[in-house]
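Engineer: PDB, C-alpha atoms, saved as my_file17.pdb, coming up:
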```pdb
MODEL        1
ATOM      1  CA  MET O 303      10.828  15.877  15.253
ATOM      2  CA  GLU O 304      11.801  18.581  12.784
ATOM      3  CA  SER O 305       8.802  20.910  12.451
ATOM      4  CA  ASN O 306      10.584  22.761   9.648
ATOM      5  CA  LYS O 307       9.985  19.717   7.439
ATOM      6  CA  LEU O 308       6.254  20.258   7.782
ATOM      7  CA  GLU O 309       6.634  23.873   6.670
ATOM      8  CA  LEU O 310       8.844  22.775   3.803
ATOM      9  CA  LEU O 311       6.150  20.317   2.717
ATOM     10  CA  LYS O 312       3.485  23.020   2.830
ATOM     11  CA  ASN O 313       5.685  25.356   0.803
ATOM     12  CA  LEU O 314       6.276  22.662  -1.816
ATOM     13  CA  LEU O 315       2.534  22.145  -2.120
ATOM     14  CA  ARG O 316       1.836  25.866  -2.393
ATOM     15  CA  GLU O 317       4.331  26.075  -5.239
ATOM     16  CA  MET O 318       2.537  23.237  -7.026
ATOM     17  CA  ASP O 319      -0.763  25.154  -6.789
ATOM     18  CA  SER O 320      -3.061  22.202  -7.647
ATOM     19  CA  VAL O 321      -2.503  18.482  -7.114
ATOM     20  CA  ILE O 322      -3.922  14.998  -7.417
ATOM     21  CA  VAL O 323      -2.876  12.697  -4.587
ATOM     22  CA  ALA O 324      -2.582   8.986  -5.314
ATOM     23  CA  TYR O 325      -4.459   8.043  -2.176
ATOM     24  CA  SER O 326      -4.586   4.477  -0.856
ATOM     25  CA  GLY O 327      -5.629   5.263   2.703
ATOM     26  CA  GLY O 328      -2.317   4.173   4.189
ATOM     27  CA  ALA O 329      -0.326   6.206   6.689
ATOM     28  CA  ASP O 330       1.815   7.957   4.066
ATOM     29  CA  SER O 331      -0.840   8.972   1.550
ATOM     30  CA  SER O 332      -3.287   9.939   4.322
ATOM     31  CA  PHE O 333      -0.729  12.294   5.853
ATOM     32  CA  LEU O 334       0.081  13.753   2.450
ATOM     33  CA  LEU O 335      -3.610  14.221   1.675
ATOM     34  CA  LYS O 336      -4.237  15.930   5.010
ATOM     35  CA  VAL O 337      -1.441  18.460   4.522
ATOM     36  CA  ALA O 338      -2.276  18.970   0.844
ATOM     37  CA  HIS O 339      -5.966  19.544   1.585
ATOM     38  CA  ASP O 340      -5.208  21.904   4.455
ATOM     39  CA  THR O 341      -2.825  23.816   2.202
ATOM     40  CA  LEU O 342      -4.661  23.814  -1.130
ATOM     41  CA  GLY O 343      -8.312  23.127  -0.298
ATOM     42  CA  ASP O 344     -10.360  22.205  -3.368
ATOM     43  CA  GLN O 345      -7.231  22.417  -5.516
ATOM     44  CA  CYS O 346      -6.388  19.025  -4.051
ATOM     45  CA  LEU O 347      -8.124  15.846  -5.261
ATOM     46  CA  ALA O 348      -7.642  12.410  -3.715
ATOM     47  CA  VAL O 349      -7.894   9.571  -6.229
ATOM     48  CA  THR O 350      -8.192   6.027  -4.935
ATOM     49  CA  ALA O 351      -7.718   3.157  -7.359
ATOM     50  CA  THR O 352      -9.516  -0.125  -6.836
ATOM     51  CA  SER O 353      -8.684  -3.449  -8.418
ATOM     52  CA  GLU O 354      -8.406  -7.116  -7.517
ATOM     53  CA  THR O 355      -5.079  -6.335  -5.834
ATOM     54  CA  TYR O 356      -6.628  -3.837  -3.373
ATOM     55  CA  PRO O 357      -8.566  -5.252  -0.376
ATOM     56  CA  ASP O 358     -12.225  -4.183  -0.256
ATOM     57  CA  GLU O 359     -12.073  -3.154   3.410
ATOM     58  CA  GLU O 360      -9.183  -0.815   2.618
ATOM     59  CA  LEU O 361     -11.412   1.172   0.269
ATOM     60  CA  SER O 362     -13.989   1.639   3.017
ATOM     61  CA  ASP O 363     -11.319   2.772   5.480
ATOM     62  CA  ALA O 364      -9.732   5.120   2.933
ATOM     63  CA  THR O 365     -13.089   6.761   2.247
ATOM     64  CA  LYS O 366     -13.724   7.281   5.958
ATOM     65  CA  VAL O 367     -10.361   9.009   6.411
ATOM     66  CA  ALA O 368     -10.853  11.175   3.303
ATOM     67  CA  ASN O 369     -14.223  12.264   4.709
ATOM     68  CA  LEU O 370     -12.606  13.003   8.066
ATOM     69  CA  ILE O 371     -10.030  15.181   6.350
ATOM     70  CA  GLY O 372     -12.745  16.848   4.286
ATOM     71  CA  ALA O 373     -10.966  16.168   1.019
ATOM     72  CA  ASN O 374     -12.563  15.518  -2.335
ATOM     73  CA  GLN O 375     -12.114  11.861  -3.237
ATOM     74  CA  ARG O 376     -12.636  10.054  -6.510
ATOM     75  CA  ILE O 377     -12.568   6.289  -6.947
ATOM     76  CA  ILE O 378     -11.307   4.775 -10.186
ATOM     77  CA  THR O 379     -10.647   1.232 -11.371
ATOM     78  CA  THR O 380      -7.297  -0.014 -12.615
ATOM     79  CA  VAL O 381      -6.854  -3.170 -14.687
ATOM     80  CA  GLU O 382      -3.249  -4.206 -14.111
ATOM     81  CA  LEU O 383      -4.201  -7.902 -14.261
ATOM     82  CA  GLU O 384      -5.115  -7.443 -17.934
ATOM     83  CA  ASN O 385      -1.461  -6.632 -18.608
ATOM     84  CA  GLU O 386       0.433  -9.889 -19.203
ATOM     85  CA  GLN O 387       3.663  -8.193 -18.142
ATOM     86  CA  PHE O 388       2.120  -7.718 -14.694
ATOM     87  CA  ALA O 389       0.157 -10.961 -14.451
ATOM     88  CA  CYS O 390       3.191 -13.170 -15.121
ATOM     89  CA  ASN O 391       4.679 -11.649 -11.944
ATOM     90  CA  PRO O 392       8.235 -10.653 -12.893
ATOM     91  CA  VAL O 393      10.579  -9.091 -10.340
ATOM     92  CA  ASP O 394       9.663  -5.636 -11.673
ATOM     93  CA  ARG O 395       5.926  -6.353 -11.384
ATOM     94  CA  CYS O 396       5.344  -3.120  -9.459
ATOM     95  CA  TYR O 397       6.591  -1.077 -12.396
ATOM     96  CA  PHE O 398       3.667  -2.230 -14.555
ATOM     97  CA  CYS O 399       1.161  -1.712 -11.742
ATOM     98  CA  LYS O 400       2.340   1.831 -11.076
ATOM     99  CA  SER O 401       2.466   2.605 -14.805
ATOM    100  CA  GLU O 402      -1.231   1.681 -15.016
ATOM    101  CA  LEU O 403      -2.115   3.756 -11.950
ATOM    102  CA  PHE O 404      -0.008   6.823 -12.665
ATOM    103  CA  GLY O 405      -1.005   6.814 -16.326
ATOM    104  CA  LYS O 406      -4.675   7.124 -15.372
ATOM    105  CA  LEU O 407      -3.941   9.810 -12.787
ATOM    106  CA  LYS O 408      -1.981  11.822 -15.342
ATOM    107  CA  GLN O 409      -4.939  11.630 -17.738
ATOM    108  CA  ILE O 410      -7.248  13.041 -15.052
ATOM    109  CA  ALA O 411      -4.754  15.788 -14.203
ATOM    110  CA  GLN O 412      -4.348  16.809 -17.823
ATOM    111  CA  SER O 413      -8.063  16.797 -18.616
ATOM    112  CA  GLU O 414      -9.093  18.666 -15.464
ATOM    113  CA  GLY O 415      -6.237  21.111 -15.091
ATOM    114  CA  PHE O 416      -4.356  19.779 -12.071
ATOM    115  CA  ALA O 417      -0.695  20.759 -12.208
ATOM    116  CA  PHE O 418       0.868  17.719 -10.522
ATOM    117  CA  VAL O 419       0.219  14.129  -9.529
ATOM    118  CA  LEU O 420       1.686  13.148  -6.156
ATOM    119  CA  ASP O 421       2.451   9.854  -4.472
ATOM    120  CA  GLY O 422       3.199   9.082  -0.829
ATOM    121  CA  ALA O 423       6.764   7.791  -1.210
ATOM    122  CA  ASN O 424       8.976   8.860   1.705
ATOM    123  CA  ALA O 425      12.677   9.135   2.426
ATOM    124  CA  ASP O 426      12.889   5.576   3.772
ATOM    125  CA  ASP O 427      11.545   4.074   0.555
ATOM    126  CA  VAL O 428      14.787   4.676  -1.334
ATOM    127  CA  GLN O 429      16.409   1.960   0.802
ATOM    128  CA  ASP O 430      14.019  -0.752  -0.439
ATOM    129  CA  TYR O 431      13.574  -2.474  -3.791
ATOM    130  CA  ARG O 432      10.771  -0.459  -5.387
ATOM    131  CA  PRO O 433      10.617  -0.745  -9.187
ATOM    132  CA  GLY O 434       7.373   1.243  -9.140
ATOM    133  CA  MET O 435       9.428   4.371  -8.527
ATOM    134  CA  ARG O 436      10.770   4.098 -12.087
ATOM    135  CA  ALA O 437       7.218   4.449 -13.409
ATOM    136  CA  GLY O 438       6.807   7.550 -11.269
ATOM    137  CA  ARG O 439       9.976   9.116 -12.639
ATOM    138  CA  GLU O 440       9.003   8.350 -16.235
ATOM    139  CA  LEU O 441       5.584   9.947 -15.826
ATOM    140  CA  GLY O 442       6.723  12.965 -13.821
ATOM    141  CA  ILE O 443       5.051  12.002 -10.551
ATOM    142  CA  ARG O 444       6.153  14.096  -7.568
ATOM    143  CA  SER O 445       6.928  12.640  -4.130
ATOM    144  CA  PRO O 446       6.796  15.662  -1.803
ATOM    145  CA  LEU O 447       7.223  13.610   1.387
ATOM    146  CA  LYS O 448      10.496  12.294   0.004
ATOM    147  CA  GLU O 449      11.456  15.731  -1.300
ATOM    148  CA  ALA O 450      10.931  17.222   2.174
ATOM    149  CA  GLY O 451      12.910  14.397   3.777
ATOM    150  CA  PHE O 452      10.106  12.784   5.785
ATOM    151  CA  THR O 453      10.876   9.369   7.262
ATOM    152  CA  LYS O 454       8.171   6.874   8.166
ATOM    153  CA  GLU O 455       8.681   7.628  11.849
ATOM    154  CA  GLU O 456       8.179  11.346  11.240
ATOM    155  CA  ILE O 457       5.066  10.721   9.148
ATOM    156  CA  ARG O 458       3.551   8.725  11.997
ATOM    157  CA  TYR O 459       4.509  11.390  14.541
ATOM    158  CA  PHE O 460       2.997  14.298  12.613
ATOM    159  CA  SER O 461      -0.048  12.219  11.653
ATOM    160  CA  ARG O 462      -0.740  11.708  15.338
ATOM    161  CA  GLU O 463      -0.253  15.424  16.000
ATOM    162  CA  LEU O 464      -2.774  16.184  13.247
ATOM    163  CA  GLY O 465      -5.328  13.738  14.663
ATOM    164  CA  LEU O 466      -5.190  11.209  11.845
ATOM    165  CA  PRO O 467      -6.331   7.693  12.814
ATOM    166  CA  THR O 468      -3.808   6.277  10.349
ATOM    167  CA  TRP O 469      -0.824   7.388  12.456
ATOM    168  CA  ASN O 470      -0.229   3.825  13.670
ATOM    169  CA  LYS O 471      -1.775   1.925  10.767
ATOM    170  CA  PRO O 472       0.325  -1.084   9.717
ATOM    171  CA  SER O 473       1.981  -0.865   6.311
ATOM    172  CA  LEU O 474      -0.064  -2.535   3.599
ATOM    173  CA  ALA O 475       1.376  -3.642   0.283
ATOM    174  CA  CYS O 476      -0.904  -4.737  -2.536
ATOM    175  CA  LEU O 477      -2.123  -8.322  -2.452
ATOM    176  CA  SER O 478       0.098  -9.258  -5.390
ATOM    177  CA  SER O 479       3.100  -8.994  -3.078
ATOM    178  CA  ARG O 480       1.901 -12.161  -1.314
ATOM    179  CA  ILE O 481       2.628 -14.272  -4.403
ATOM    180  CA  PRO O 482       6.238 -15.328  -5.142
ATOM    181  CA  TYR O 483       7.886 -13.738  -8.170
ATOM    182  CA  GLY O 484       7.452 -15.885 -11.263
ATOM    183  CA  GLU O 485       4.201 -17.468 -10.092
ATOM    184  CA  ARG O 486       1.237 -16.183 -12.064
ATOM    185  CA  ILE O 487      -1.061 -13.682 -10.358
ATOM    186  CA  THR O 488      -4.718 -14.677 -10.661
ATOM    187  CA  ILE O 489      -7.959 -13.370  -9.215
ATOM    188  CA  ASP O 490      -8.453 -16.662  -7.358
ATOM    189  CA  LYS O 491      -5.101 -16.378  -5.598
ATOM    190  CA  LEU O 492      -5.716 -12.755  -4.682
ATOM    191  CA  GLU O 493      -9.133 -13.607  -3.264
ATOM    192  CA  GLN O 494      -7.641 -16.462  -1.238
ATOM    193  CA  VAL O 495      -5.082 -14.125   0.304
ATOM    194  CA  ASP O 496      -7.603 -11.353   0.899
ATOM    195  CA  GLN O 497     -10.029 -13.655   2.699
ATOM    196  CA  ALA O 498      -7.258 -15.334   4.690
ATOM    197  CA  GLU O 499      -5.892 -12.015   5.926
ATOM    198  CA  ALA O 500      -9.370 -10.667   6.683
ATOM    199  CA  PHE O 501     -10.017 -13.740   8.836
ATOM    200  CA  LEU O 502      -6.795 -13.242  10.793
ATOM    201  CA  ARG O 503      -7.656  -9.584  11.358
ATOM    202  CA  SER O 504     -11.065 -10.648  12.660
ATOM    203  CA  LEU O 505      -9.214 -12.632  15.333
ATOM    204  CA  GLY O 506      -7.391  -9.504  16.479
ATOM    205  CA  PHE O 507      -4.129  -9.793  14.536
ATOM    206  CA  GLU O 508      -3.457  -6.358  13.047
ATOM    207  CA  GLN O 509       0.020  -6.792  11.589
ATOM    208  CA  LEU O 510       0.182  -9.781   9.281
ATOM    209  CA  ARG O 511       0.775 -11.227   5.854
ATOM    210  CA  VAL O 512      -0.439 -14.477   4.325
ATOM    211  CA  ARG O 513       2.018 -15.527   1.623
ATOM    212  CA  HIS O 514       0.605 -17.729  -1.130
ATOM    213  CA  HIS O 515       2.864 -20.674  -2.029
ATOM    214  CA  ALA O 516       0.564 -22.802  -4.192
ATOM    215  CA  SER O 517      -0.993 -25.259  -1.711
ATOM    216  CA  ILE O 518       0.786 -23.655   1.274
ATOM    217  CA  ALA O 519      -0.347 -20.617   3.266
ATOM    218  CA  ARG O 520       2.689 -19.084   4.996
ATOM    219  CA  ILE O 521       1.502 -16.813   7.800
ATOM    220  CA  GLU O 522       3.685 -13.941   8.960
ATOM    221  CA  ILE O 523       2.825 -12.192  12.228
ATOM    222  CA  PRO O 524       5.095 -10.459  14.770
ATOM    223  CA  ARG O 525       6.951 -12.935  16.965
ATOM    224  CA  GLU O 526       5.323 -11.511  20.088
ATOM    225  CA  ALA O 527       1.948 -12.641  18.688
ATOM    226  CA  PHE O 528       3.023 -16.262  18.218
ATOM    227  CA  SER O 529       1.739 -17.424  21.595
ATOM    228  CA  ALA O 530      -1.720 -15.902  21.056
ATOM    229  CA  LEU O 531      -2.043 -17.674  17.753
ATOM    230  CA  MET O 532      -0.797 -21.016  19.030
ATOM    231  CA  ASP O 533      -2.706 -20.923  22.331
ATOM    232  CA  SER O 534      -6.100 -19.697  21.182
ATOM    233  CA  HIS O 535      -6.600 -19.714  17.420
ATOM    234  CA  ILE O 536      -4.557 -22.414  15.751
ATOM    235  CA  ASP O 537      -7.418 -24.851  15.057
ATOM    236  CA  ALA O 538      -9.721 -22.136  13.726
ATOM    237  CA  ILE O 539      -6.983 -20.753  11.475
ATOM    238  CA  VAL O 540      -6.088 -24.156  10.053
ATOM    239  CA  ALA O 541      -9.750 -24.916   9.394
ATOM    240  CA  LYS O 542     -10.325 -21.576   7.654
ATOM    241  CA  MET O 543      -7.229 -21.852   5.474
ATOM    242  CA  LYS O 544      -8.309 -25.296   4.327
ATOM    243  CA  VAL O 545     -11.775 -23.997   3.477
ATOM    244  CA  LEU O 546     -10.079 -21.324   1.379
ATOM    245  CA  GLY O 547      -8.237 -24.008  -0.582
ATOM    246  CA  PHE O 548      -4.854 -24.307   1.098
ATOM    247  CA  THR O 549      -3.645 -27.833   1.868
ATOM    248  CA  TYR O 550      -0.910 -26.871   4.315
ATOM    249  CA  VAL O 551      -0.771 -24.012   6.834
ATOM    250  CA  THR O 552       2.552 -22.764   8.193
ATOM    251  CA  LEU O 553       3.723 -20.088  10.623
ATOM    252  CA  ASP O 554       6.901 -18.334   9.491
ATOM    253  CA  LEU O 555       9.307 -18.556  12.445
ATOM    254  CA  GLN O 556      11.134 -15.416  11.314
ATOM    255  CA  GLY O 557       7.991 -13.423  12.010
ATOM    256  CA  LEU O 558       6.465 -10.550  10.089
ATOM    257  CA  ARG O 559       8.773  -8.593   7.829
ATOM    258  CA  SER O 560       7.863  -6.242   5.040
ATOM    259  CA  GLY O 561       8.879  -7.429   1.587
ATOM    260  CA  SER O 562       9.876 -10.942   2.594
ATOM    261  CA  MET O 563       9.343 -12.096  -0.995
ATOM    262  CA  ASN O 564      12.280  -9.858  -1.914
ATOM    263  CA  GLU O 565      14.589 -12.183   0.022
ATOM    264  CA  ALA O 566      14.762 -14.335  -3.104
ATOM    265  CA  LEU O 567      15.632 -11.386  -5.362
ATOM    266  CA  GLU O 568      19.396 -11.895  -5.385
ATOM    267  CA  GLU O 569      18.970 -15.364  -6.874
ATOM    268  CA  LEU O 570      16.250 -14.257  -9.287
ATOM    269  CA  LEU O 571      18.212 -11.273 -10.567
ATOM    270  CA  GLU O 572      21.376 -13.246 -11.290
TER     271      GLU O 572
ENDMDL
END
```
Translate this file's structure into structure tokens.
Structural biologist:
Amino acid sequence: MESNKLELLKNLLREMDSVIVAYSGGADSSFLLKVAHDTLGDQCLAVTATSETYPDEELSDATKVANLIGANQRIITTVELENEQFACNPVDRCYFCKSELFGKLKQIAQSEGFAFVLDGANADDVQDYRPGMRAGRELGIRSPLKEAGFTKEEIRYFSRELGLPTWNKPSLACLSSRIPYGERITIDKLEQVDQAEAFLRSLGFEQLRVRHHASIARIEIPREAFSALMDSHIDAIVAKMKVLGFTYVTLDLQGLRSGSMNEALEELLE
């Protein structure tokens, strides 16, 4: 791994002087917060946004990691679901979510004298469909991990070197990403997904998604976990999903893949 990237990141942060980190508790933002706090101390503030799209247990985990790092953390509430442009779930849904988040972070920065707002985007993110990045550009959000050229693999490597428990944490997109584009996002659907995924994690499945297709729960887990699910948990999972309101329960034979809802984008964008 290129250790000079870590020095470049520290130098970028020193030049910024004071920062707010959009901190979700994931691998990327935790690594950024750790380096920013170590570099800038109290001139670094972690801000974690909660809403119906953010799982409750993630907030608890994020707070534990922020405390481990020793960083100042503030928790705010975002209301993206009140924006009809977000709730109707267009293909650029993430743009409206990030506009809500970054707008609030910019207000805090301006009122309290922080020079920059940072997000945890990395060099690999440019290869994916991420309309939220447009909101970041419009509002002047900096992405120092991307600026320093950090890949996801490098973030995990250096996180482990720095003793962060998030070094091998599975990627977690907001719960809205479980609902197909064009299908309205509601609190009920988000709660269904949140409870379904929490149940699967309680059974020992760490990497997973439960995609919400009206009456169908489409479960994505790594292919190597198929046998464990089928051999030991299938009846319990079916029963739980039905209690949560799903009529049909399916296992996606392609396995877990980040952004699987984007597979329909080519047709939707035509």
Engineer: Counting all atoms listed in the file, which residue out of O:Ala338, O:Val551, O:Cys346, O:Leu502 sits closest to O:Phe416?
Structural biologist: O:Cys346
Engineer: Mind telling me what the PyMOL selection byres ((chain O and resi 328) around 7) catches here, as a ChimeraX atom specification?
Structural biologist: /O:326-327,329-332,468,471,473
Engineer: With a distance cut-off of 10 Å and only C-alpha atoms, select the neighbouring residues of stretch 361-365 of chain O, excluding the residue or stretch itself and same-chain residues fewer than 2 positions from it, and output the selection as JSON, numbers by chain.
Structural biologist: {"O": [325, 326, 327, 328, 331, 332, 348, 350, 351, 352, 356, 357, 358, 359, 367, 368, 369, 370, 371, 373, 374, 375, 376, 377, 468]}
Engineer: Please, what distance in Å, to one decimal, runs between atom CA of O:Ile489 and atom CA of O:Ile443?
Structural biologist: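 Going from atom CA of O:Ile489 over to atom CA of O:Ile443 covers 28.5 Å.
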Engineer: Got a sec: who's within 12 Å of stretch 450-454 of chain O, counting only C-alpha atoms, leaving out chain neighbours fewer than 5 positions off, as a compact mmCIF listing (two decimals) with C-alpha atoms, in the frame of the given file?
Structural biologist:
```txt
# COMPACT_ATOMS: atom_id res chain seq x y z
CA MET O 303 10.83 15.88 15.25
CA GLU O 304 11.80 18.58 12.78
CA SER O 305 8.80 20.91 12.45
CA ASN O 306 10.58 22.76 9.65
CA LYS O 307 9.98 19.72 7.44
CA LEU O 308 6.25 20.26 7.78
CA GLU O 309 6.63 23.87 6.67
CA LEU O 310 8.84 22.78 3.80
CA LEU O 311 6.15 20.32 2.72
CA LYS O 312 3.48 23.02 2.83
CA ASN O 313 5.68 25.36 0.80
CA LEU O 314 6.28 22.66 -1.82
CA LEU O 315 2.53 22.14 -2.12
CA GLY O 328 -2.32 4.17 4.19
CA ALA O 329 -0.33 6.21 6.69
CA ASP O 330 1.82 7.96 4.07
CA SER O 331 -0.84 8.97 1.55
CA PHE O 333 -0.73 12.29 5.85
CA LEU O 334 0.08 13.75 2.45
CA GLY O 422 3.20 9.08 -0.83
CA ALA O 423 6.76 7.79 -1.21
CA ASN O 424 8.98 8.86 1.70
CA ALA O 425 12.68 9.14 2.43
CA ASP O 426 12.89 5.58 3.77
CA ASP O 427 11.54 4.07 0.56
CA VAL O 428 14.79 4.68 -1.33
CA GLN O 429 16.41 1.96 0.80
CA ARG O 444 6.15 14.10 -7.57
CA SER O 445 6.93 12.64 -4.13
CA TYR O 459 4.51 11.39 14.54
CA PHE O 460 3.00 14.30 12.61
CA SER O 461 -0.05 12.22 11.65
CA TRP O 469 -0.82 7.39 12.46
CA ASN O 470 -0.23 3.82 13.67
CA LYS O 471 -1.78 1.92 10.77
CA PRO O 472 0.32 -1.08 9.72
CA SER O 473 1.98 -0.86 6.31
```
Engineer: Enumerate, as a PyMOL selection string, the residues matched when the PyMOL selection byres ((chain O and resi 408) around 12) is run on the file above.
Structural biologist: chain O and resi 321-324+349+400-407+409-421+437-438+440-444
Engineer: Quick one: of O:Asp344, O:Asp319, O:Glu354, O:Glu522, who's nearest to O:Asp496, counting only C-alpha atoms?
Structural biologist: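 Looking at the shortest contact to O:Asp496, the residue is O:Glu354.
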Engineer: Given the file above and the PyMOL selection byres ((chain O and resi 540-545) around 10), which residues are selected, and can you give them as a PDB file with C-alpha atoms, in the coordinates of the input?
Structural biologist:
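Output (expr-v1.pdb):
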```
ATOM      1  CA  GLN O 494      -7.641 -16.462  -1.238  1.00  0.00           C
ATOM      2  CA  VAL O 495      -5.082 -14.125   0.304  1.00  0.00           C
ATOM      3  CA  GLN O 497     -10.029 -13.655   2.699  1.00  0.00           C
ATOM      4  CA  ALA O 498      -7.258 -15.334   4.690  1.00  0.00           C
ATOM      5  CA  GLU O 499      -5.892 -12.015   5.926  1.00  0.00           C
ATOM      6  CA  PHE O 501     -10.017 -13.740   8.836  1.00  0.00           C
ATOM      7  CA  LEU O 502      -6.795 -13.242  10.793  1.00  0.00           C
ATOM      8  CA  SER O 517      -0.993 -25.259  -1.711  1.00  0.00           C
ATOM      9  CA  ILE O 518       0.786 -23.655   1.274  1.00  0.00           C
ATOM     10  CA  ALA O 519      -0.347 -20.617   3.266  1.00  0.00           C
ATOM     11  CA  HIS O 535      -6.600 -19.714  17.420  1.00  0.00           C
ATOM     12  CA  ILE O 536      -4.557 -22.414  15.751  1.00  0.00           C
ATOM     13  CA  ASP O 537      -7.418 -24.851  15.057  1.00  0.00           C
ATOM     14  CA  ALA O 538      -9.721 -22.136  13.726  1.00  0.00           C
ATOM     15  CA  ILE O 539      -6.983 -20.753  11.475  1.00  0.00           C
ATOM     16  CA  LEU O 546     -10.079 -21.324   1.379  1.00  0.00           C
ATOM     17  CA  GLY O 547      -8.237 -24.008  -0.582  1.00  0.00           C
ATOM     18  CA  PHE O 548      -4.854 -24.307   1.098  1.00  0.00           C
ATOM     19  CA  THR O 549      -3.645 -27.833   1.868  1.00  0.00           C
ATOM     20  CA  TYR O 550      -0.910 -26.871   4.315  1.00  0.00           C
ATOM     21  CA  VAL O 551      -0.771 -24.012   6.834  1.00  0.00           C
ATOM     22  CA  THR O 552       2.552 -22.764   8.193  1.00  0.00           C
TER      23      THR O 552
END
```
Engineer: Could you tell me how far atom CA of O:Arg513 sits from atom CA of O:Ala527, in Å to one decimal place?
Structural biologist: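 Between atom CA of O:Ala527 and atom CA of O:Arg513 the gap works out to 17.3 Å.
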Engineer: So what do you get for atom CA of O:Glu508 versus atom CA of O:Gly465, distance-wise?
Structural biologist: 20.2 Å
Engineer: Select, from O:Gly434, O:Pro482, O:Pro467, O:Gly506, the residue with the minimum atom-to-atom distance to O:Cys390, counting all atoms listed in the file.
Structural biologist: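 Residue with the minimum atom-to-atom distance to O:Cys390: O:Pro482.
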Engineer: Which residue out of O:Leu505, O:Ile487, O:Leu466, O:Cys476 has the minimum interatomic distance to O:Asn391 when all atoms listed in the file are used?
Structural biologist: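 Of O:Leu505, O:Ile487, O:Leu466, O:Cys476, the one nearest O:Asn391, counting all atoms listed in the file, is O:Ile487.
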Engineer: Which residue out of O:Glu526, O:Glu317, O:Glu455, O:Glu493 has the minimum interatomic distance to O:Gln509 when only C-alpha atoms are used?
Structural biologist: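 Distance minimum relative to O:Gln509 lands on O:Glu526.
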Engineer: For O:Ala389, which of O:Ser560, O:Ser529, O:Thr488, O:Thr341 is the closest residue, counting only C-alpha atoms?
Structural biologist: O:Thr488
Engineer: Name the residues in contact with O:Phe528 at a cut-off of 9 Å, using all atoms listed in the file, excluding same-chain residues fewer than 6 positions from it; report them as JSON, numbers by chain.
Structural biologist: {"O": [553, 555, 557]}
